There are 2 protein chains.
Amino acid sequence: MSPTITDIRQAAERIRPHAHRTPVMTCRSLDQRVGAQVFMKCENLQKVGAFKFRGACNAVFSLSPDEAARGVATHSSGNHAQALALAAAMRGIPAYIVMPRNAPAVKQAAVAGYGGIITLCEPTLAARESTLAEVVAATGAEVVHPYNDVRVIAGQGTAALELLADVPDLDVIMAPVGGGGLLSGTAIAARAVAPQIRVIAAEPAGADDAFRSLAARHIIPSVQPQTIADGLLTSLGDLTFPIIRDHVEQIVTVSEPAIVAAMKFVWERAKLVVEPSGVVPIAALWEEAIDLRGLRVGVILSGGNVGLEHLPWQQ
Amino acid sequence: MSPTITDIRQAAERIRPHAHRTPVMTCRSLDQRVGAQVFMKCENLQKVGAFKFRGACNAVFSLSPDEAARGVATHSSGNHAQALALAAAMRGIPAYIVMPRNAPAVKQAAVAGYGGIITLCEPTLAARESTLAEVVAATGAEVVHPYNDVRVIAGQGTAALELLADVPDLDVIMAPVGGGGLLSGTAIAARAVAPQIRVIAAEPAGADDAFRSLAARHIIPSVQPQTIADGLLTSLGDLTFPIIRDHVEQIVTVSEPAIVAAMKFVWERAKLVVEPSGVVPIAALWEEAIDLRGLRVGVILSGGNVGLEHLPWQQ
């Protein structure tokens, strides 16, 4: 069951009081470098520094009062955990976050800082899932999956809805793809609002399971991905894959050096702190993984959560 | 002769087709840290990465066709040079930029990249001024001073005008102060649009000539300033000083560690690349150089031009 454009429009209404309407930025020197007109939807400037807040917020505020009272739960060590914790705090309900014992202290502190109730577990997928099941059994909390959830996909689609409202005449809309929540929400929104728009995804060549899944017409899981883009390591879900299969024209893969070069350029010239995952579509333009010269290209800069102690272009 | 609010409103109309209307961003964790509601006017996202483009653009597009045909000129090794070069290129006229021979290659390249015509000179103020005089004698170009120019001050004031349009109920508006172009434009705009607003400036303690000038009621030149905020090294001008004297409530000084800490926090949490000079007002909140707790504080983040090879918080 896919979310519809109506779900996305309702999500936009629901999250409006809580989420930032992020700006769309342009950068003349970037346009010159890649030969296209690029419109960056700055989800790095979203709350918790990533589009993930949209989906988590929509899920939390979709719950009935009774459901909400029991709280929400997920297992995650990344942006989704922080997003869910903050959205729950805004509604005044508990967020139970299962995290692997080896999750960086800074990420645990971030979740706790947003009021999340952390349960640590062994760092295996089996332990994460069984621990989450225990937490849910004990609390009755509603599980909110990071991407394979209709409410989450609808929430993520609101970024594209805003982008197309601000820049209606795009030729192309691009998003990175990991689990596919952002990409599938983007595709549904874009197809409904601008039926002729081309929806193109970008993925690191070192984590190209979505590219291979689209070619094979079935989900190929991500196995031992190798990329600096640590938000794009997961496999597609059974909700996100069919949407991507039906609405995404192409998934292009990009090299690691292009990701780092594009990231540095965006920091230097557009003055935006973007994480490696967020810049992957720009990396595709950067190395001409696809020819979009002369076109108006909307790009969702998905997030900006990156440590500043060491940057990938530094020795 | 000070610019008026009418000059600033005309400047806003004049530069609208050329400049970015920069976003105003908020950051919950910053607010929690400093105990105020901070509204950041993101001039780091302005063209050439700094508010300087506003003033240069207003000056260039204020010229009559005859004046414009002879071009514009300045001596600068910083953001003003790039701003003037880009504004001139947009109008299709020459920009003659006098730069000291020891200006970093990257800054020379940036000016040349925007189409500026560079004349190198010895790295002294006398040589810069005499070389500029020679260029003007040869070309008839119009000199555009980086801050002591009515057209430039009016242009810089458009940032505050936009900020107050987006957030009308500010208690305080803050800007950094170097030569005083941004601060004096901000003060005129704010006083006219919101007469009860408090206009407060921030300055590095290691370059506190504006602080001392305001106390002494006359211009005290900047001598051997020592600060990481390299955009704030210059002295006030005879146009900017009286405006600041009459309209600015207070200039607060901030420590170098506070500048670095506030800069890192804005990068990490607000995801904005801001240069040290741009974050000086936030540093004032950071170390409670002034008590603005509980207030709604607009801050002009003046620019984002900073080298990414080494960052001040790195060993």
# chains A, B, ... in the order shown; residues from 1 in each chain; ligands from 1
call {"tool": "interface_residues", "arguments": {"of": "chain B", "to": "chain A", "cutoff": "10 Å", "atoms": "only C-alpha atoms", "output": "NGL selection string"}}
result
:B and (20-29 or 42-49 or 113-114 or 264 or 266-275 or 303-311 or 313-315)
call {"tool": "residues_around", "arguments": {"residues": "Arg16 in chain A", "least_positions_apart": "3", "cutoff": "10 Å", "atoms": "only C-alpha atoms", "output": "compact mmCIF listing (two decimals) with N, CA, C and O atoms, in the first residue's frame"}}
result
# COMPACT_ATOMS: atom_id res chain seq x y z
N GLN A 10 -1.52 15.88 3.32
CA GLN A 10 -1.94 15.87 4.73
C GLN A 10 -0.73 15.90 5.66
O GLN A 10 -0.76 16.57 6.71
N ALA A 11 0.31 15.19 5.26
CA ALA A 11 1.54 15.22 6.07
C ALA A 11 2.09 16.64 6.14
O ALA A 11 2.54 17.10 7.20
N ALA A 12 2.04 17.34 5.00
CA ALA A 12 2.56 18.71 4.98
C ALA A 12 1.80 19.59 5.96
O ALA A 12 2.40 20.40 6.70
N GLU A 13 0.47 19.44 6.00
CA GLU A 13 -0.33 20.21 6.96
C GLU A 13 0.02 19.83 8.39
O GLU A 13 0.14 20.67 9.28
N ALA A 19 7.99 21.55 11.75
CA ALA A 19 9.20 21.41 10.93
C ALA A 19 9.57 22.76 10.32
O ALA A 19 8.75 23.66 10.20
N HIS A 20 10.84 22.90 9.97
CA HIS A 20 11.25 24.08 9.18
C HIS A 20 10.75 23.93 7.74
O HIS A 20 10.83 22.83 7.16
N ARG A 21 10.26 25.02 7.16
CA ARG A 21 10.15 25.05 5.70
C ARG A 21 11.53 25.48 5.21
O ARG A 21 11.89 26.65 5.26
N ARG A 54 10.97 15.01 8.94
CA ARG A 54 9.64 15.10 8.32
C ARG A 54 8.84 13.82 8.51
O ARG A 54 7.68 13.85 8.92
N CYS A 57 8.10 13.05 12.23
CA CYS A 57 7.11 13.99 12.75
C CYS A 57 5.72 13.63 12.24
O CYS A 57 4.74 13.64 13.00
N ASN A 58 5.62 13.27 10.96
CA ASN A 58 4.32 12.89 10.43
C ASN A 58 3.80 11.64 11.14
O ASN A 58 2.61 11.56 11.48
N THR A 158 7.12 15.50 1.63
CA THR A 158 6.78 16.92 1.76
C THR A 158 7.93 17.83 1.34
O THR A 158 7.70 18.98 0.97
call {"tool": "residues_around", "arguments": {"residues": "range 168-170 of chain A", "least_positions_apart": "6", "cutoff": "12 Å", "atoms": "only C-alpha atoms", "output": "NGL selection string"}}
result
:A and (36-40 or 160-162 or 190-191 or 193-199 or 292 or 294-299)
call {"tool": "select_by_dssp", "arguments": {"residues": "range 55-237 of chain B", "states": "strand (DSSP E)", "output": "ChimeraX atom specification"}}
result
/B:72-75,95-100,117-121,142-143,172-176,198-204
call {"tool": "select_by_dssp", "arguments": {"residues": "range 4-233 of chain A", "states": "helix (DSSP H, G or I)", "output": "PyMOL selection string"}}
result
chain A and resi 5-15+28-34+43-45+47-49+52-62+65-69+79-91+105-113+125-139+150-166+181-193+205-207+209-216
call {"tool": "atom_distance", "arguments": {"atom1": "CA of Ile188 in chain A", "atom2": "CA of Phe51 in chain A"}}
result
16.0 Å
call {"tool": "closest_residue", "arguments": {"among": "B:Val279, B:Ala83, B:Ala112, B:Ala187", "to": "Pro242 in chain B", "atoms": "only C-alpha atoms"}}
result
B:Ala187
call {"tool": "residues_around", "arguments": {"residues": "range 251-260 of chain A", "least_positions_apart": "4", "cutoff": "8 Å", "atoms": "only C-alpha atoms", "output": "ChimeraX atom specification"}}
result
/A:200-206,208,210-211,214,227-228,264,276,279-280,282-284,286-287,289-290,312-313
call {"tool": "closest_residue", "arguments": {"among": "A:Val98, A:Val223, A:Val106, A:Leu30", "to": "Thr119 in chain A", "atoms": "only C-alpha atoms"}}
result
A:Val98
call {"tool": "residues_around", "arguments": {"residues": "Cys121 in chain B", "least_positions_apart": "3", "cutoff": "10 Å", "atoms": "only C-alpha atoms", "output": "PyMOL selection string"}}
result
chain B and resi 75+98-103+118+124-132
call {"tool": "write_last_selection", "arguments": {"atoms": "N, CA, C and O atoms", "output": "short mmCIF file (atom, residue, chain, number, x, y, z; two decimals), in the first residue's frame"}}
result
data_model
loop_
_atom_site.label_atom_id
_atom_site.label_comp_id
_atom_site.auth_asym_id
_atom_site.auth_seq_id
_atom_site.Cartn_x
_atom_site.Cartn_y
_atom_site.Cartn_z
N HIS B 75 40.28 49.44 -4.15
CA HIS B 75 41.40 48.61 -3.70
C HIS B 75 40.92 47.76 -2.54
O HIS B 75 40.29 48.26 -1.61
N VAL B 98 42.47 46.98 -7.44
CA VAL B 98 43.86 47.09 -7.01
C VAL B 98 44.06 46.16 -5.82
O VAL B 98 43.32 46.24 -4.83
N MET B 99 45.02 45.25 -5.95
CA MET B 99 45.27 44.29 -4.87
C MET B 99 46.75 44.32 -4.52
O MET B 99 47.60 44.47 -5.40
N PRO B 100 47.08 44.12 -3.25
CA PRO B 100 48.49 44.04 -2.87
C PRO B 100 49.12 42.77 -3.47
O PRO B 100 48.46 41.74 -3.59
N ARG B 101 50.37 42.91 -3.85
CA ARG B 101 51.12 41.84 -4.49
C ARG B 101 51.10 40.55 -3.67
O ARG B 101 51.19 39.45 -4.22
N ASN B 102 50.99 40.68 -2.34
CA ASN B 102 51.02 39.50 -1.48
C ASN B 102 49.63 38.95 -1.15
O ASN B 102 49.49 38.10 -0.27
N ALA B 103 48.61 39.44 -1.84
CA ALA B 103 47.27 38.88 -1.62
C ALA B 103 47.29 37.40 -2.02
O ALA B 103 47.88 37.04 -3.04
N ILE B 118 42.65 43.02 -12.52
CA ILE B 118 43.49 43.21 -11.34
C ILE B 118 44.74 44.01 -11.68
O ILE B 118 45.40 43.75 -12.68
N THR B 124 51.26 48.18 0.74
CA THR B 124 51.12 49.27 1.72
C THR B 124 49.87 50.05 1.37
O THR B 124 49.43 50.06 0.20
N LEU B 125 49.31 50.72 2.37
CA LEU B 125 48.11 51.51 2.11
C LEU B 125 48.42 52.63 1.12
O LEU B 125 47.62 52.91 0.21
N ALA B 126 49.61 53.24 1.27
CA ALA B 126 49.99 54.33 0.36
C ALA B 126 50.05 53.83 -1.08
O ALA B 126 49.55 54.49 -2.00
N ALA B 127 50.65 52.69 -1.28
CA ALA B 127 50.77 52.14 -2.64
C ALA B 127 49.39 51.77 -3.18
O ALA B 127 49.11 51.99 -4.37
N ARG B 128 48.54 51.25 -2.33
CA ARG B 128 47.20 50.89 -2.78
C ARG B 128 46.44 52.13 -3.23
O ARG B 128 45.80 52.13 -4.29
N GLU B 129 46.56 53.19 -2.45
CA GLU B 129 45.82 54.41 -2.79
C GLU B 129 46.39 55.09 -4.03
O GLU B 129 45.64 55.56 -4.88
N SER B 130 47.72 55.13 -4.15
CA SER B 130 48.31 55.81 -5.32
C SER B 130 48.05 54.99 -6.58
O SER B 130 47.78 55.54 -7.66
N THR B 131 48.09 53.67 -6.45
CA THR B 131 47.82 52.82 -7.62
C THR B 131 46.36 52.97 -8.05
O THR B 131 46.06 53.07 -9.25
N LEU B 132 45.47 53.02 -7.08
CA LEU B 132 44.05 53.23 -7.41
C LEU B 132 43.87 54.57 -8.12
O LEU B 132 43.15 54.66 -9.12
#
call {"tool": "residues_around", "arguments": {"residues": "range 148-156 of chain B", "least_positions_apart": "2", "cutoff": "9 Å", "atoms": "only C-alpha atoms", "output": "number ranges by chain"}}
result
B: 1-12, 15, 51-60, 62, 144-146, 158-160, 179-186, 188-189, 236-240
